[in-house]
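K.L.:
One file: data18.cif (mmCIF, C-alpha atoms).
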```
data_run
loop_
_atom_site.label_atom_id
_atom_site.label_comp_id
_atom_site.auth_asym_id
_atom_site.auth_seq_id
_atom_site.Cartn_x
_atom_site.Cartn_y
_atom_site.Cartn_z
CA MET C 1 -9.15 -55.75 90.90
CA GLN C 2 -6.06 -53.72 90.17
CA ALA C 3 -4.39 -54.81 93.41
CA LYS C 4 -4.40 -58.43 92.29
CA SER C 5 -2.19 -57.65 89.31
CA ALA C 6 1.53 -57.12 89.38
CA PRO C 7 2.56 -53.45 89.24
CA SER C 8 3.30 -52.49 85.65
CA THR C 9 6.83 -51.28 85.44
CA ILE C 10 9.25 -51.05 82.56
CA ALA C 11 11.79 -53.72 83.46
CA PHE C 12 15.06 -52.06 82.55
CA GLY C 13 16.97 -55.30 83.04
CA ASP C 14 14.65 -57.07 80.62
CA TRP C 15 15.34 -54.50 77.93
CA ILE C 16 19.09 -54.62 78.45
CA GLY C 17 18.93 -58.41 78.41
CA LEU C 18 16.84 -58.46 75.24
CA TYR C 19 18.91 -55.83 73.41
CA LEU C 20 22.31 -57.29 74.31
CA THR C 21 21.37 -60.88 73.55
CA GLY C 22 19.55 -59.64 70.44
CA LEU C 23 22.70 -57.98 69.12
CA PHE C 24 24.82 -61.07 69.79
CA LEU C 25 22.07 -63.23 68.28
CA VAL C 26 22.34 -61.36 64.98
CA VAL C 27 26.08 -62.10 64.81
CA PHE C 28 25.71 -65.77 65.80
CA LEU C 29 22.72 -66.27 63.50
CA LEU C 30 24.57 -64.86 60.49
CA ALA C 31 27.52 -67.13 61.28
CA HIS C 32 25.15 -70.11 61.62
CA VAL C 33 23.44 -69.42 58.29
CA ALA C 34 26.81 -68.95 56.56
CA ALA C 35 28.17 -72.15 58.14
CA VAL C 36 25.14 -74.22 57.07
CA HIS C 37 25.34 -72.75 53.57
CA TYR C 38 29.05 -73.53 53.12
CA ALA C 39 28.84 -76.91 54.87
CA THR C 40 26.34 -78.11 52.28
CA ALA C 41 27.66 -76.19 49.25
CA GLY C 42 28.57 -78.56 46.41
CA LEU C 43 27.09 -81.59 48.15
CA GLU C 44 24.62 -83.44 45.98
CA ALA C 45 22.94 -85.02 48.95
CA GLY C 46 22.49 -81.60 50.55
CA PHE C 47 22.04 -81.35 54.30
CA THR C 48 23.09 -84.72 55.71
CA PHE C 49 24.26 -86.21 58.98
CA GLU C 50 27.84 -86.38 57.70
CA ALA C 51 27.81 -82.72 56.59
CA VAL C 52 26.59 -81.58 60.01
CA ARG C 53 29.07 -83.86 61.78
CA GLU C 54 31.99 -82.42 59.80
CA LYS C 55 30.85 -78.90 60.60
CA LEU C 56 30.33 -79.51 64.32
CA ARG C 57 33.74 -81.18 64.68
CA SER C 58 35.25 -77.76 64.13
CA PRO C 59 35.57 -76.10 67.57
CA LEU C 60 34.68 -72.73 66.02
CA PHE C 61 31.39 -73.96 64.54
CA ALA C 62 30.59 -75.92 67.70
CA PHE C 63 31.08 -72.71 69.71
CA LEU C 64 28.93 -70.73 67.27
CA ASP C 65 26.09 -73.26 67.22
CA LEU C 66 26.02 -73.93 70.96
CA GLY C 67 26.38 -70.19 71.64
CA LEU C 68 23.47 -69.55 69.29
CA LEU C 69 21.39 -72.11 71.18
CA VAL C 70 22.09 -70.44 74.55
CA LEU C 71 21.38 -66.95 73.20
CA ALA C 72 18.24 -67.96 71.30
CA ILE C 73 16.71 -69.79 74.26
CA TYR C 74 17.54 -66.95 76.68
CA HIS C 75 16.33 -64.21 74.33
CA GLY C 76 13.22 -66.13 73.27
CA LEU C 77 12.06 -67.07 76.74
CA LEU C 78 12.89 -63.66 78.23
CA GLY C 79 10.89 -62.02 75.43
CA PHE C 80 8.01 -64.45 75.97
CA ARG C 81 8.05 -63.70 79.71
CA ARG C 82 7.91 -59.99 78.96
CA PHE C 83 5.02 -60.53 76.52
CA VAL C 84 3.00 -62.39 79.15
CA VAL C 85 3.87 -60.00 82.02
CA ASP C 86 2.88 -57.02 79.86
CA LEU C 87 -0.61 -58.44 79.50
CA GLU C 88 -1.04 -57.84 83.26
CA VAL C 89 -3.19 -60.89 83.82
CA LEU C 90 -0.82 -62.61 86.26
CA SER C 91 -0.35 -61.81 89.94
CA VAL C 92 3.14 -61.29 91.36
CA GLY C 93 3.15 -64.85 92.69
CA ALA C 94 1.98 -66.28 89.38
CA ILE C 95 4.71 -64.37 87.56
CA ARG C 96 7.27 -65.92 89.88
CA VAL C 97 5.96 -69.42 89.16
CA PHE C 98 5.78 -68.65 85.43
CA THR C 99 9.40 -67.42 85.49
CA TRP C 100 10.57 -70.65 87.12
CA VAL C 101 8.64 -72.70 84.57
CA LEU C 102 10.44 -70.79 81.81
CA VAL C 103 13.81 -71.39 83.53
CA ILE C 104 13.09 -75.12 83.62
CA VAL C 105 11.94 -75.11 79.97
CA GLY C 106 15.10 -73.19 79.01
CA LEU C 107 17.42 -75.54 80.89
CA GLY C 108 15.57 -78.51 79.37
CA GLY C 109 16.05 -77.04 75.90
CA LEU C 110 19.76 -76.49 76.54
CA TYR C 111 20.18 -80.04 77.81
CA TYR C 112 18.33 -81.46 74.81
CA GLY C 113 20.50 -79.34 72.49
CA TRP C 114 23.64 -80.67 74.20
CA ILE C 115 22.44 -84.28 73.75
CA ILE C 116 21.83 -83.60 70.05
CA TYR C 117 25.31 -82.07 69.72
CA ARG C 118 26.87 -85.13 71.38
CA ALA C 119 24.90 -87.41 69.03
CA PHE C 120 26.48 -85.65 66.06
CA VAL C 121 30.08 -85.55 67.23
CA GLY C 122 30.16 -88.56 69.57
CA MET A 1 -4.52 -35.43 88.64
CA SER A 2 -4.16 -36.66 85.10
CA GLN A 3 -2.45 -40.00 84.88
CA ARG A 4 -1.39 -39.38 81.33
CA GLY A 5 1.98 -37.82 82.11
CA LEU A 6 2.78 -40.24 84.89
CA SER A 7 1.50 -43.37 83.20
CA PHE A 8 4.13 -46.05 82.88
CA LYS A 9 1.88 -48.70 81.43
CA PRO A 10 3.23 -51.33 79.07
CA PHE A 11 2.66 -50.54 75.42
CA SER A 12 0.40 -53.58 75.05
CA GLN A 13 -2.01 -52.21 77.67
CA ARG A 14 -2.05 -48.71 76.15
CA LEU A 15 -2.66 -50.29 72.75
CA VAL A 16 -5.65 -52.28 74.00
CA GLU A 17 -7.05 -49.15 75.67
CA ARG A 18 -6.68 -47.16 72.45
CA LEU A 19 -8.40 -49.87 70.44
CA ALA A 20 -11.20 -50.03 73.05
CA ARG A 21 -11.73 -46.27 72.57
CA GLY A 22 -11.97 -46.84 68.83
CA GLN A 23 -8.76 -44.94 68.06
CA ARG A 24 -6.71 -45.87 65.00
CA MET A 25 -3.36 -47.55 65.33
CA GLY A 26 -0.29 -45.71 64.05
CA PRO A 27 2.65 -47.40 62.24
CA GLY A 28 4.45 -47.90 65.57
CA ALA A 29 1.49 -49.82 66.97
CA TYR A 30 1.31 -52.08 63.92
CA MET A 31 5.07 -52.65 64.17
CA TYR A 32 4.66 -53.50 67.85
CA VAL A 33 1.98 -56.11 67.10
CA VAL A 34 3.98 -57.69 64.26
CA HIS A 35 7.15 -57.65 66.39
CA ARG A 36 5.37 -59.60 69.13
CA LEU A 37 3.85 -62.03 66.63
CA THR A 38 7.21 -62.67 64.95
CA ALA A 39 8.74 -63.18 68.41
CA LEU A 40 6.16 -65.85 69.19
CA VAL A 41 6.73 -67.52 65.81
CA LEU A 42 10.52 -67.53 66.29
CA THR A 43 10.34 -68.87 69.85
CA LEU A 44 8.02 -71.64 68.71
CA TYR A 45 10.28 -72.34 65.71
CA LEU A 46 13.31 -72.65 68.01
CA PHE A 47 11.76 -75.55 69.87
CA VAL A 48 10.37 -77.15 66.69
CA HIS A 49 13.88 -76.86 65.19
CA LEU A 50 15.35 -78.63 68.23
CA TYR A 51 12.69 -81.32 67.96
CA VAL A 52 13.51 -81.90 64.28
CA LEU A 53 17.26 -81.99 64.95
CA GLY A 54 16.47 -84.52 67.68
CA SER A 55 15.74 -87.02 64.90
CA VAL A 56 19.50 -87.64 64.98
CA LEU A 57 18.94 -89.50 68.25
CA SER A 58 17.32 -92.30 66.24
CA GLY A 59 20.45 -92.59 64.08
CA PRO A 60 21.99 -90.95 61.00
CA ASN A 61 19.42 -92.51 58.65
CA GLY A 62 16.51 -91.04 60.58
CA PHE A 63 18.11 -87.61 60.42
CA ASP A 64 18.85 -87.87 56.69
CA GLN A 65 15.26 -88.92 55.97
CA ILE A 66 13.86 -85.92 57.83
CA MET A 67 16.31 -83.59 56.05
CA ALA A 68 15.29 -85.04 52.66
CA MET A 69 11.68 -84.27 53.53
CA MET A 70 12.68 -80.71 54.43
CA ALA A 71 14.09 -80.24 50.92
CA THR A 72 10.61 -80.32 49.36
CA PRO A 73 9.20 -77.08 47.83
CA LEU A 74 6.63 -76.62 50.61
CA PHE A 75 9.29 -76.58 53.32
CA ARG A 76 11.56 -74.38 51.18
CA LEU A 77 8.72 -71.88 50.92
CA GLY A 78 8.34 -72.06 54.70
CA GLU A 79 12.06 -71.34 55.07
CA LEU A 80 11.69 -68.26 52.89
CA GLY A 81 8.87 -67.09 55.17
CA LEU A 82 11.11 -67.73 58.14
CA VAL A 83 13.81 -65.55 56.55
CA TRP A 84 11.32 -62.66 56.39
CA VAL A 85 10.25 -63.27 60.02
CA VAL A 86 13.88 -63.21 61.19
CA LEU A 87 14.67 -60.12 59.10
CA PHE A 88 11.64 -58.20 60.31
CA HIS A 89 12.21 -59.09 63.96
CA THR A 90 15.92 -58.25 63.78
CA LEU A 91 15.51 -54.95 61.93
CA ASN A 92 12.58 -53.88 64.08
CA GLY A 93 14.57 -54.72 67.22
CA LEU A 94 17.32 -52.43 65.95
CA ARG A 95 14.68 -49.78 65.18
CA LEU A 96 13.39 -49.99 68.77
CA ALA A 97 16.93 -49.55 70.09
CA VAL A 98 17.40 -46.49 67.88
CA VAL A 99 14.03 -45.02 68.92
CA ASN A 100 14.87 -45.53 72.60
CA LEU A 101 18.31 -43.97 72.26
CA ALA A 102 17.28 -41.14 69.92
CA PRO A 103 13.52 -40.43 70.22
CA GLU A 104 13.83 -37.40 67.92
CA VAL A 105 14.40 -39.54 64.80
CA ASN A 106 11.60 -39.79 62.24
CA GLN A 107 9.90 -42.93 63.53
CA ARG A 108 7.54 -43.23 60.58
CA VAL A 109 10.42 -43.33 58.09
CA LEU A 110 12.24 -45.89 60.25
CA ALA A 111 9.14 -48.09 60.45
CA TYR A 112 8.56 -48.01 56.70
CA GLY A 113 12.26 -48.63 56.16
CA VAL A 114 12.13 -51.80 58.28
CA VAL A 115 9.15 -53.14 56.33
CA ALA A 116 10.70 -52.32 52.94
CA LEU A 117 14.13 -53.70 53.83
CA SER A 118 12.80 -56.92 55.34
CA PHE A 119 10.64 -57.66 52.30
CA GLY A 120 13.39 -56.54 49.91
CA VAL A 121 16.11 -58.76 51.37
CA ALA A 122 13.73 -61.72 51.72
CA LEU A 123 12.72 -61.40 48.06
CA ALA A 124 16.37 -61.01 47.04
CA SER A 125 17.15 -64.31 48.78
CA LEU A 126 14.41 -66.09 46.80
CA PRO A 127 16.88 -67.73 44.32
CA LEU A 128 18.55 -69.52 47.25
CA PHE A 129 15.29 -71.35 47.94
CA LEU A 130 14.39 -72.35 44.38
#
```
Can you dump the structure from the file as structure tokens?
P.N.:
Amino acid sequence: MQAKSAPSTIAFGDWIGLYLTGLFLVVFLLAHVAAVHYATAGLEAGFTFEAVREKLRSPLFAFLDLGLLVLAIYHGLLGFRRFVVDLEVLSVGAIRVFTWVLVIVGLGGLYYGWIIYRAFVG
Amino acid sequence: MSQRGLSFKPFSQRLVERLARGQRMGPGAYMYVVHRLTALVLTLYLFVHLYVLGSVLSGPNGFDQIMAMMATPLFRLGELGLVWVVLFHTLNGLRLAVVNLAPEVNQRVLAYGVVALSFGVALASLPLFL
């Protein structure tokens, strides 16, 4: 039974990846929250298409929001992979397939985020 | 040979084994469970957030209508909950980094500090959501 499961090892790379992206995520997330707050401050209509468009036309905010998207997707899916692998219910082959599924989901999320960004600024 | 000293099992597996033996969970174990749950919530939220923002693909009016709906008290309350989830996950992630780098620190105090700070800051941000 045990031989069917992947060997349980502490994946050092996973931790480094999670910690580093986690630290950057905190910075980008704070910037995102501040940007959303100030972009809608004083607007009666609140959070509107025009307010988001104005914000995203700034290269700095575009960098912060797209950077946040990349970091959040990478950190989230890497953490989810670790969560599932830690359960030790998948074989080595299944983990490989699962990892590729997550890569495709991540790339799909990034592409969808890019389309949304273009819809705002285009 | 005892496997205890050589065991390199993931925390989740050791936790399940402890629970199966009827042993109580310590603060670190509770923090671990909540950290994983908040991670799942945040990952799910990320994709829901993208889906909601995708309403812009149907035009500015579609986006504005969805955003107007998000301004209702129920969604504002949900946002406040999200603030706590983000705070807890962030602070506990920092706690894990500290524990890994300096295992001699008082882990119980750190764990309680994370809980208190996350609830404290979330409650302090309450006026922003009213």
K.L.:
Given the file above and the PyMOL selection byres ((chain C and resi 111-118) around 7), which residues are selected, and can you give them as a list in words?
P.N.:
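That selection, the PyMOL selection byres ((chain C and resi 111-118) around 7), comes back as Leu107, Gly108, Gly109, Leu110, Ala119, Phe120, Val121 and Gly122 of chain C; Leu50, Gly54, Val56 and Leu57 of chain A.
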K.L.:
Residues of chain A near chain C: apply a cut-off of 8 Å, count all atoms listed in the file, and supply the list as a CSV table (one decimal) with C-alpha atoms, in the frame of the given file.
P.N.:
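Now in part-v5.csv:
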```
chain,number,residue,atom,x,y,z
A,8,PHE,CA,4.1,-46.0,82.9
A,9,LYS,CA,1.9,-48.7,81.4
A,10,PRO,CA,3.2,-51.3,79.1
A,11,PHE,CA,2.7,-50.5,75.4
A,12,SER,CA,0.4,-53.6,75.0
A,13,GLN,CA,-2.0,-52.2,77.7
A,36,ARG,CA,5.4,-59.6,69.1
A,39,ALA,CA,8.7,-63.2,68.4
A,40,LEU,CA,6.2,-65.8,69.2
A,42,LEU,CA,10.5,-67.5,66.3
A,43,THR,CA,10.3,-68.9,69.8
A,46,LEU,CA,13.3,-72.6,68.0
A,47,PHE,CA,11.8,-75.6,69.9
A,50,LEU,CA,15.4,-78.6,68.2
A,53,LEU,CA,17.3,-82.0,65.0
A,54,GLY,CA,16.5,-84.5,67.7
A,56,VAL,CA,19.5,-87.6,65.0
A,57,LEU,CA,18.9,-89.5,68.2
A,60,PRO,CA,22.0,-91.0,61.0
A,61,ASN,CA,19.4,-92.5,58.6
A,63,PHE,CA,18.1,-87.6,60.4
A,64,ASP,CA,18.8,-87.9,56.7
A,67,MET,CA,16.3,-83.6,56.0
A,68,ALA,CA,15.3,-85.0,52.7
A,90,THR,CA,15.9,-58.2,63.8
A,93,GLY,CA,14.6,-54.7,67.2
A,97,ALA,CA,16.9,-49.6,70.1
```
K.L.:
May I have the residues within 8 Å of C:Phe61 as a short mmCIF file (atom, residue, chain, number, x, y, z; two decimals) with C-alpha atoms, keeping the file's coordinate frame, using all atoms listed in the file and disregarding those fewer than 6 positions away in the same chain?
P.N.:
```
data_model
loop_
_atom_site.label_atom_id
_atom_site.label_comp_id
_atom_site.auth_asym_id
_atom_site.auth_seq_id
_atom_site.Cartn_x
_atom_site.Cartn_y
_atom_site.Cartn_z
CA HIS C 32 25.15 -70.11 61.62
CA ALA C 35 28.17 -72.15 58.14
CA LYS C 55 30.85 -78.90 60.60
#
```
K.L.:
What lies within 12 Å of A:Gly81 using all atoms listed in the file, ignoring chain neighbours under 3 positions off, as a list in words?
P.N.:
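After dropping sequence-adjacent residues, the list is Thr38, Val41, Leu42, Tyr45, Leu74, Phe75, Arg76, Leu77, Gly78, Trp84, Val85, Val86, Leu87, Phe88, Ser118, Phe119, Val121, Ala122, Leu123, Ser125, Leu126 and Phe129 of chain A.
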K.L.:
Please indicate the distance in Å from atom CA of C:Phe24 to atom CA of C:Leu71, rounded to one decimal place.
P.N.:
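Spanning atom CA of C:Phe24 to atom CA of C:Leu71 is a straight-line distance of 7.6 Å.
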K.L.:
How far is it from atom CA of A:Pro73 to atom CA of A:Leu128, in Å with one decimal?
P.N.:
12.0 Å
K.L.:
Can you work out the spacing between atom CA of A:Val115 and atom CA of A:Ala20 in Å, to one decimal?
P.N.:
26.5 Å
K.L.:
Which one of A:Leu19, A:Val83, A:Ile66, A:Met31 sits closest to C:Val33 if you count all atoms listed in the file?
P.N.:
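Residue with the minimum atom-to-atom distance to C:Val33: A:Val83.
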K.L.:
Convert the output of the PyMOL selection byres ((chain A and resi 28) around 10) on the shown file into explicit residues, formatted as a list in words.
P.N.:
Met25, Gly26, Pro27, Ala29, Tyr30, Met31, Tyr32, Val33, Val34, Leu96, Gln107, Arg108, Leu110, Ala111 and Tyr112 of chain A
K.L.:
Grab the residues selected above and save them as a PDB file, keeping the file's coordinate frame with C-alpha atoms.
P.N.:
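Ended up saving to selection.pdb:
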```
ATOM      1  CA  MET A  25      -3.360 -47.550  65.330  1.00  0.00           C
ATOM      2  CA  GLY A  26      -0.290 -45.710  64.050  1.00  0.00           C
ATOM      3  CA  PRO A  27       2.650 -47.400  62.240  1.00  0.00           C
ATOM      4  CA  ALA A  29       1.490 -49.820  66.970  1.00  0.00           C
ATOM      5  CA  TYR A  30       1.310 -52.080  63.920  1.00  0.00           C
ATOM      6  CA  MET A  31       5.070 -52.650  64.170  1.00  0.00           C
ATOM      7  CA  TYR A  32       4.660 -53.500  67.850  1.00  0.00           C
ATOM      8  CA  VAL A  33       1.980 -56.110  67.100  1.00  0.00           C
ATOM      9  CA  VAL A  34       3.980 -57.690  64.260  1.00  0.00           C
ATOM     10  CA  LEU A  96      13.390 -49.990  68.770  1.00  0.00           C
ATOM     11  CA  GLN A 107       9.900 -42.930  63.530  1.00  0.00           C
ATOM     12  CA  ARG A 108       7.540 -43.230  60.580  1.00  0.00           C
ATOM     13  CA  LEU A 110      12.240 -45.890  60.250  1.00  0.00           C
ATOM     14  CA  ALA A 111       9.140 -48.090  60.450  1.00  0.00           C
ATOM     15  CA  TYR A 112       8.560 -48.010  56.700  1.00  0.00           C
TER      16      TYR A 112
END
```
